[in-house]
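Take a look at the structure set out below.
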Protein chains: 6
Amino acid sequence: MKVKVSRKAHFNAAHRLYRRDWSFERNEATFGKCNNPKYHGHNYDLIVSVTGEIDAETGYVMDMKVLKDLIKEEVENAMDHKNLNEEVPEFQNLNPTAENIAVVIFNKLRPHIDSSKELEVVLYETPRNFVTYSG
Amino acid sequence: MKVKVSRKAHFNAAHRLYRRDWSFERNEATFGKCNNPKYHGHNYDLIVSVTGEIDAETGYVMDMKVLKDLIKEEVENAMDHKNLNEEVPEFQNLNPTAENIAVVIFNKLRPHIDSSKELEVVLYETPRNFVTYSG
Amino acid sequence: MKVKVSRKAHFNAAHRLYRRDWSFERNEATFGKCNNPKYHGHNYDLIVSVTGEIDAETGYVMDMKVLKDLIKEEVENAMDHKNLNEEVPEFQNLNPTAENIAVVIFNKLRPHIDSSKELEVVLYETPRNFVTYSG
Amino acid sequence: MKVKVSRKAHFNAAHRLYRRDWSFERNEATFGKCNNPKYHGHNYDLIVSVTGEIDAETGYVMDMKVLKDLIKEEVENAMDHKNLNEEVPEFQNLNPTAENIAVVIFNKLRPHIDSSKELEVVLYETPRNFVTYSG
Amino acid sequence: MKVKVSRKAHFNAAHRLYRRDWSFERNEATFGKCNNPKYHGHNYDLIVSVTGEIDAETGYVMDMKVLKDLIKEEVENAMDHKNLNEEVPEFQNLNPTAENIAVVIFNKLRPHIDSSKELEVVLYETPRNFVTYSG
Amino acid sequence: MKVKVSRKAHFNAAHRLYRRDWSFERNEATFGKCNNPKYHGHNYDLIVSVTGEIDAETGYVMDMKVLKDLIKEEVENAMDHKNLNEEVPEFQNLNPTAENIAVVIFNKLRPHIDSSKELEVVLYETPRNFVTYSG
């Protein structure tokens with residue numbers, strides 16, 4: 001009886017899409033207004049899902065409070081009210097596209113989730129643009 | 001040409017997370033404020049999905065009105081405006097976590113859906129906590 | 001330059017609509033399935049709005065963090081994961097309809113909001129039923 | 001590192017569920033009020049998802065602006081503010097159920113998405129009825 | 001203690017914006033693609049609000065079930081799955097803009113609401129376009 | 001017959017709450033993590049409402065396409081994918097709180113709306129924090 005349990009969280013951050021090793025013109029051609037050197041920002045919505053067997057004793061796949069606290073420690077504390085490019089080490093040399101942010105979040109959470117369980121991350125950059133990553 | 005058709009429904013219910021065979025202290029340590037003996041409650045949102053071939057005659061995988069009525073008979077009539085612990089027989093000896101409620105709903109619906117079709121249940125306990133079960 | 005600032009919060013609670021001084025039959029005729037003696041429950045969404053002049057120094061009408069903390073102390077701590085009829089003193093002899101809950105919340109918050117400012121409370125019992133009270 | 005990127009769009013259209021080769025009575029028995037010969041309509045919400053490897057250079061699976069423009073050209077221009085039965089050629093002899101509309105949209109988009117990538121279409125006929133198709 | 005109680009409903013309909021007494025060209029210049037003679041459609045969301053004193057006995061301003069049934073009889077039965085221009089008599093000679101639909105709905109409901117109470121109608125044509133009318 | 005017509009729009013921007021003429025410590029004490037010198041950001045949702053008489057000829061209070069285009073020119077072009085503090089002249093010496101942004105947007109739109117009509121601006125900084133200004 002495998003069940004997927006999901007928890008929604010959010011954080012607000014500034015970012016800019018560009019590569020340090022490209023010219024401004026090439027960044028502009030590729031990333032358009034997302035390349036604004038003064039940054040822009042988003043209210044990111046995050047859905048983290050863990051899939052596994054229901055524990056027969058508790059009726060939980062995973063205690064949602066534990067999952068909520070884990071997201072707070074690993075993701076919100078690192079990214080909320082931050083400039084992703086300048087203040088989050090993982091994006092020092094990695095373009096903070098929604099795809100890359102989702103992979104970074106997955107990699108931050110994966111070691112803390114029991115290896116018998118599957119992990120999935122959905123990241124909404126806006127209500128119209130979102131990405132899904134499950135390793 | 002397999003298509004998944006989904007129908008959203010909802011019901012309001014009271015519940016309490018605890019095991020009859022555990023001490024109050026152990027229930028409190030495990031389930032926290034969800035163990036309140038006077039109960040609390042939720043507006044549960046439910047998404048039921050059925051996956052199968054499109055019927056070439058009607059263009060339907062399954063008539064959504066039939067699915068809507070089935071959810072009403074099997075789930076809403078049994079759980080809406082009810083106390084899950086005290087009034088829904090399936091939870092007589094089963095802790096009504098979101099995981100277990102989803103499994104119970106799946107098991108109530110499964111016999112009524114053609115066996116050639118797949119069934120999936122998503123249950124939102126709150127807009128931030130939800131679970132998915134597909135047998 | 002009067003501006004209205006609004007903060008959204010939520011709490012989950014059990015309740016039952018009935019009057020202690022009415023017969024079961026009269027309660028049933030008036031409140032229908034909301035009179036279930038075993039209770040049912042809701043995810044209540046709450047929007048609290050404060051209207052006043054923008055402070056020229058801070059650019060705030062009221063610090064939203066202060067408003068958020070006030071709602072937590074006065075409303076969430078009192079009502080979240082509670083049985084409104086049995087555990088919230090204001091409903092000892094008051095039927096916990098959405099209307100009455102909104103008035104109780106307003107009265108709990110009003111003394112903590114500067115008297116030069118207006119207060120408004122919107123309470124969603126479900127996404128389809130909600131009430132608004134402003135004193 | 002496969003990631004699914006999703007883009008939400010919408011269009012408003014009129015339609016009627018019926019088969020030209022069936023009697024009015026049979027259409028009425030099968031499709032009920034959806035068979036109204038004067039038509040009714042919907043605000044369709046559409047989520048198009050593309051799954052593939054993240055491009056190491058850009059950090060994109062697919063440029064969301066390109067996906068947005070593709071949806072506009074292939075779907076919105078063809079269906080927005082249109083009568084699906086009378087003005088969209090694919091439904092000349094195909095009943096415009098949500099299932100069939102999703103398949104038609106998938107088939108219009110598929111040739112424009114790199115064959116190494118997977119495509120999925122979710123179509124909301126209403127917030128309560130939606131379908132998913134991925135080929 | 002005046003409280004506003006609100007109930008959300010919805011209906012799906014086809015319509016076309018145009019005036020019978022104008023040329024096609026003038027209609028086209030004024031209403032653009034909304035003038036499509038084959039019609040288009042919407043999922044209309046409707047919020048009906050009634051403001052009045054809380055009844056001391058019941059704790060209700062107005063029984064929401066009564067309001068729900070009234071909206072069903074007066075609005076949904078008249079407009080759901082209908083072509084507003086051709087099947088709703090009020091629009092025989094009245095352009096079914098969101099503004100005019102809201103006024104028509106208000107006028108249909110007003111005689112059924114106690115004259116001591118205020119009535120307000122909010123009509124969403126799409127999630128991005130909506131109108132409010134209160135007499 | 002006065003009706004309020006509303007149009008929803010959005011823009012993404014970076015900002016920082018602080019006063020140039022205050023010490024870092026005083027800014028930190030007042031604005032907390034919103035004072036991050038590297039900025040953070042939001043998906044701002046904006047609802048612009050215009051209240052006036054329905055034009056008897058068109059059935060419009062104001063053509064929503066005109067309102068949509070006006071918001072695009074005056075607000076989105078000025079603020080979308082921008083750093084509010086550094087790139088929007090109105091915030092050169094004005095703290096970009098939600099309150100002040102709403103007033104700036106109101107002042108930018110007011111001259112373009114017929115003086116016989118009322119204007120209201122609702123600005124969502126997040127789905128939980130929003131402000132309303134109507135002059």
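As shown in the structure tokens, the chain order sets the letters A, B, ...; within each chain, residues go from 1, and ligands are also counted from 1 in the order they appear.
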
Within 7 Å of chain A, which residues of chain F come that close, and what is the closest atom pair and distance in Å for each? Count only C-alpha atoms and give it as a Markdown table.
```
| residue | atom | partner | partner_atom | distance |
| --- | --- | --- | --- | --- |
| F:Asn12 | CA | A:Gly41 | CA | 5.7 |
| F:Ala13 | CA | A:His40 | CA | 4.4 |
| F:Ala14 | CA | A:His40 | CA | 4.2 |
| F:Lys33 | CA | A:His81 | CA | 6.4 |
| F:Cys34 | CA | A:His81 | CA | 6.7 |
| F:Lys38 | CA | A:Asn83 | CA | 5.8 |
| F:Tyr39 | CA | A:Asn83 | CA | 5.9 |
| F:His40 | CA | A:Ala14 | CA | 4.2 |
| F:Gly41 | CA | A:Gly41 | CA | 3.6 |
| F:His42 | CA | A:His42 | CA | 4.1 |
| F:Asn43 | CA | A:His42 | CA | 4.8 |
| F:His81 | CA | A:His40 | CA | 4.8 |
| F:Lys82 | CA | A:His40 | CA | 5.3 |
| F:Asn83 | CA | A:His40 | CA | 5.7 |
| F:Thr126 | CA | A:Asn43 | CA | 6.9 |
```

Fitted copy of chain A on chain C, all Cα, as a JSON list (two decimals) with C-alpha atoms, in the first residue's frame:
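Result file follows (out_27.json):
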```
[["chain", "number", "residue", "atom", "x", "y", "z"],
["A", 1, "MET", "CA", -3.99, 58.39, 2.03],
["A", 2, "LYS", "CA", -5.96, 55.64, 3.73],
["A", 3, "VAL", "CA", -4.95, 52.14, 2.75],
["A", 4, "LYS", "CA", -6.43, 48.79, 3.81],
["A", 5, "VAL", "CA", -3.84, 46.12, 4.62],
["A", 6, "SER", "CA", -4.99, 42.50, 4.74],
["A", 7, "ARG", "CA", -3.47, 39.33, 6.16],
["A", 8, "LYS", "CA", -4.71, 35.79, 5.49],
["A", 9, "ALA", "CA", -4.54, 33.06, 8.14],
["A", 10, "HIS", "CA", -6.28, 29.74, 8.79],
["A", 11, "PHE", "CA", -7.28, 27.26, 11.45],
["A", 12, "ASN", "CA", -8.95, 23.85, 11.54],
["A", 13, "ALA", "CA", -11.76, 23.19, 13.98],
["A", 14, "ALA", "CA", -14.74, 20.98, 14.77],
["A", 15, "HIS", "CA", -18.16, 22.43, 15.47],
["A", 16, "ARG", "CA", -21.88, 21.73, 15.58],
["A", 17, "LEU", "CA", -24.72, 24.16, 14.97],
["A", 18, "TYR", "CA", -27.37, 23.93, 17.65],
["A", 19, "ARG", "CA", -28.88, 25.67, 20.63],
["A", 20, "ARG", "CA", -28.67, 23.99, 24.00],
["A", 21, "ASP", "CA", -32.11, 25.38, 24.90],
["A", 22, "TRP", "CA", -33.89, 23.91, 21.86],
["A", 23, "SER", "CA", -35.11, 20.34, 21.40],
["A", 24, "PHE", "CA", -33.12, 18.05, 19.12],
["A", 25, "GLU", "CA", -36.02, 18.16, 16.65],
["A", 26, "ARG", "CA", -36.04, 21.93, 16.46],
["A", 27, "ASN", "CA", -32.25, 22.01, 16.04],
["A", 28, "GLU", "CA", -32.50, 19.37, 13.32],
["A", 29, "ALA", "CA", -35.25, 21.26, 11.50],
["A", 30, "THR", "CA", -33.23, 24.49, 11.60],
["A", 31, "PHE", "CA", -29.64, 23.34, 11.15],
["A", 32, "GLY", "CA", -30.00, 20.00, 9.30],
["A", 33, "LYS", "CA", -26.80, 17.96, 9.02],
["A", 34, "CYS", "CA", -24.82, 20.80, 10.65],
["A", 35, "ASN", "CA", -26.54, 19.72, 13.88],
["A", 36, "ASN", "CA", -24.76, 16.32, 13.93],
["A", 37, "PRO", "CA", -24.16, 15.73, 17.69],
["A", 38, "LYS", "CA", -20.85, 13.99, 16.92],
["A", 39, "TYR", "CA", -19.63, 17.19, 15.20],
["A", 40, "HIS", "CA", -18.15, 17.89, 11.79],
["A", 41, "GLY", "CA", -15.35, 20.31, 10.91],
["A", 42, "HIS", "CA", -13.80, 22.85, 8.60],
["A", 43, "ASN", "CA", -10.55, 24.40, 7.42],
["A", 44, "TYR", "CA", -11.44, 28.00, 8.22],
["A", 45, "ASP", "CA", -9.67, 30.69, 6.18],
["A", 46, "LEU", "CA", -9.51, 34.11, 7.79],
["A", 47, "ILE", "CA", -8.70, 37.49, 6.25],
["A", 48, "VAL", "CA", -8.12, 40.32, 8.73],
["A", 49, "SER", "CA", -7.96, 43.85, 7.30],
["A", 50, "VAL", "CA", -6.86, 47.05, 8.99],
["A", 51, "THR", "CA", -7.52, 50.44, 7.38],
["A", 52, "GLY", "CA", -5.62, 53.58, 8.27],
["A", 53, "GLU", "CA", -3.13, 56.20, 7.15],
["A", 54, "ILE", "CA", 0.25, 55.10, 5.81],
["A", 55, "ASP", "CA", 2.95, 55.94, 8.35],
["A", 56, "ALA", "CA", 5.20, 58.38, 6.53],
["A", 57, "GLU", "CA", 8.33, 57.00, 8.17],
["A", 58, "THR", "CA", 7.92, 53.27, 7.58],
["A", 59, "GLY", "CA", 5.54, 53.19, 4.64],
["A", 60, "TYR", "CA", 3.37, 50.79, 6.66],
["A", 61, "VAL", "CA", -0.25, 51.13, 7.76],
["A", 62, "MET", "CA", 0.59, 48.37, 10.22],
["A", 63, "ASP", "CA", 3.50, 45.97, 10.27],
["A", 64, "MET", "CA", 2.13, 42.74, 8.74],
["A", 65, "LYS", "CA", 4.36, 40.68, 11.05],
["A", 66, "VAL", "CA", 2.69, 42.31, 14.04],
["A", 67, "LEU", "CA", -0.73, 41.60, 12.55],
["A", 68, "LYS", "CA", 0.29, 37.99, 11.77],
["A", 69, "ASP", "CA", 1.47, 37.45, 15.36],
["A", 70, "LEU", "CA", -1.67, 39.06, 16.78],
["A", 71, "ILE", "CA", -3.89, 36.71, 14.75],
["A", 72, "LYS", "CA", -1.80, 33.77, 15.93],
["A", 73, "GLU", "CA", -2.12, 34.71, 19.60],
["A", 74, "GLU", "CA", -5.74, 35.78, 19.66],
["A", 75, "VAL", "CA", -7.35, 33.48, 17.08],
["A", 76, "GLU", "CA", -5.20, 30.51, 16.07],
["A", 77, "ASN", "CA", -4.07, 29.65, 19.60],
["A", 78, "ALA", "CA", -7.69, 29.82, 20.78],
["A", 79, "MET", "CA", -9.38, 27.95, 17.92],
["A", 80, "ASP", "CA", -6.93, 25.86, 15.87],
["A", 81, "HIS", "CA", -7.43, 22.10, 16.28],
["A", 82, "LYS", "CA", -10.20, 22.82, 18.77],
["A", 83, "ASN", "CA", -13.85, 21.91, 19.19],
["A", 84, "LEU", "CA", -15.49, 25.34, 19.03],
["A", 85, "ASN", "CA", -18.58, 24.37, 21.01],
["A", 86, "GLU", "CA", -16.76, 22.62, 23.82],
["A", 87, "GLU", "CA", -13.38, 24.30, 24.05],
["A", 88, "VAL", "CA", -13.83, 27.96, 23.08],
["A", 89, "PRO", "CA", -15.51, 29.84, 25.97],
["A", 90, "GLU", "CA", -17.22, 32.43, 23.74],
["A", 91, "PHE", "CA", -19.39, 29.65, 22.23],
["A", 92, "GLN", "CA", -20.48, 28.24, 25.57],
["A", 93, "ASN", "CA", -23.89, 29.81, 24.97],
["A", 94, "LEU", "CA", -23.48, 31.09, 21.43],
["A", 95, "ASN", "CA", -24.14, 29.03, 18.31],
["A", 96, "PRO", "CA", -20.84, 28.85, 16.31],
["A", 97, "THR", "CA", -22.28, 29.89, 12.94],
["A", 98, "ALA", "CA", -19.83, 31.56, 10.56],
["A", 99, "GLU", "CA", -21.52, 34.87, 11.40],
["A", 100, "ASN", "CA", -21.01, 34.46, 15.14],
["A", 101, "ILE", "CA", -17.42, 33.20, 14.76],
["A", 102, "ALA", "CA", -16.59, 36.31, 12.71],
["A", 103, "VAL", "CA", -18.05, 38.59, 15.38],
["A", 104, "VAL", "CA", -16.15, 36.76, 18.13],
["A", 105, "ILE", "CA", -12.88, 37.08, 16.19],
["A", 106, "PHE", "CA", -13.55, 40.78, 15.57],
["A", 107, "ASN", "CA", -14.16, 41.35, 19.27],
["A", 108, "LYS", "CA", -10.99, 39.50, 20.24],
["A", 109, "LEU", "CA", -8.85, 41.56, 17.83],
["A", 110, "ARG", "CA", -10.46, 45.01, 18.17],
["A", 111, "PRO", "CA", -8.81, 45.98, 21.53],
["A", 112, "HIS", "CA", -5.36, 45.26, 20.05],
["A", 113, "ILE", "CA", -5.77, 47.47, 16.97],
["A", 114, "ASP", "CA", -5.20, 51.22, 17.31],
["A", 115, "SER", "CA", -8.57, 52.93, 17.70],
["A", 116, "SER", "CA", -7.80, 55.32, 14.83],
["A", 117, "LYS", "CA", -7.86, 52.33, 12.48],
["A", 118, "GLU", "CA", -10.81, 50.35, 11.09],
["A", 119, "LEU", "CA", -10.96, 46.58, 11.38],
["A", 120, "GLU", "CA", -12.66, 44.05, 9.09],
["A", 121, "VAL", "CA", -12.88, 40.27, 9.39],
["A", 122, "VAL", "CA", -13.70, 37.88, 6.52],
["A", 123, "LEU", "CA", -14.20, 34.25, 7.54],
["A", 124, "TYR", "CA", -14.43, 31.42, 4.99],
["A", 125, "GLU", "CA", -16.19, 28.35, 6.43],
["A", 126, "THR", "CA", -15.70, 26.68, 3.05],
["A", 127, "PRO", "CA", -14.49, 28.13, -0.26],
["A", 128, "ARG", "CA", -18.20, 28.59, -1.11],
["A", 129, "ASN", "CA", -19.53, 30.04, 2.17],
["A", 130, "PHE", "CA", -18.04, 33.11, 3.81],
["A", 131, "VAL", "CA", -18.98, 36.11, 5.94],
["A", 132, "THR", "CA", -17.70, 39.67, 6.44],
["A", 133, "TYR", "CA", -17.94, 41.76, 9.61],
["A", 134, "SER", "CA", -16.55, 45.20, 10.36],
["A", 135, "GLY", "CA", -18.14, 46.20, 13.65]]
```
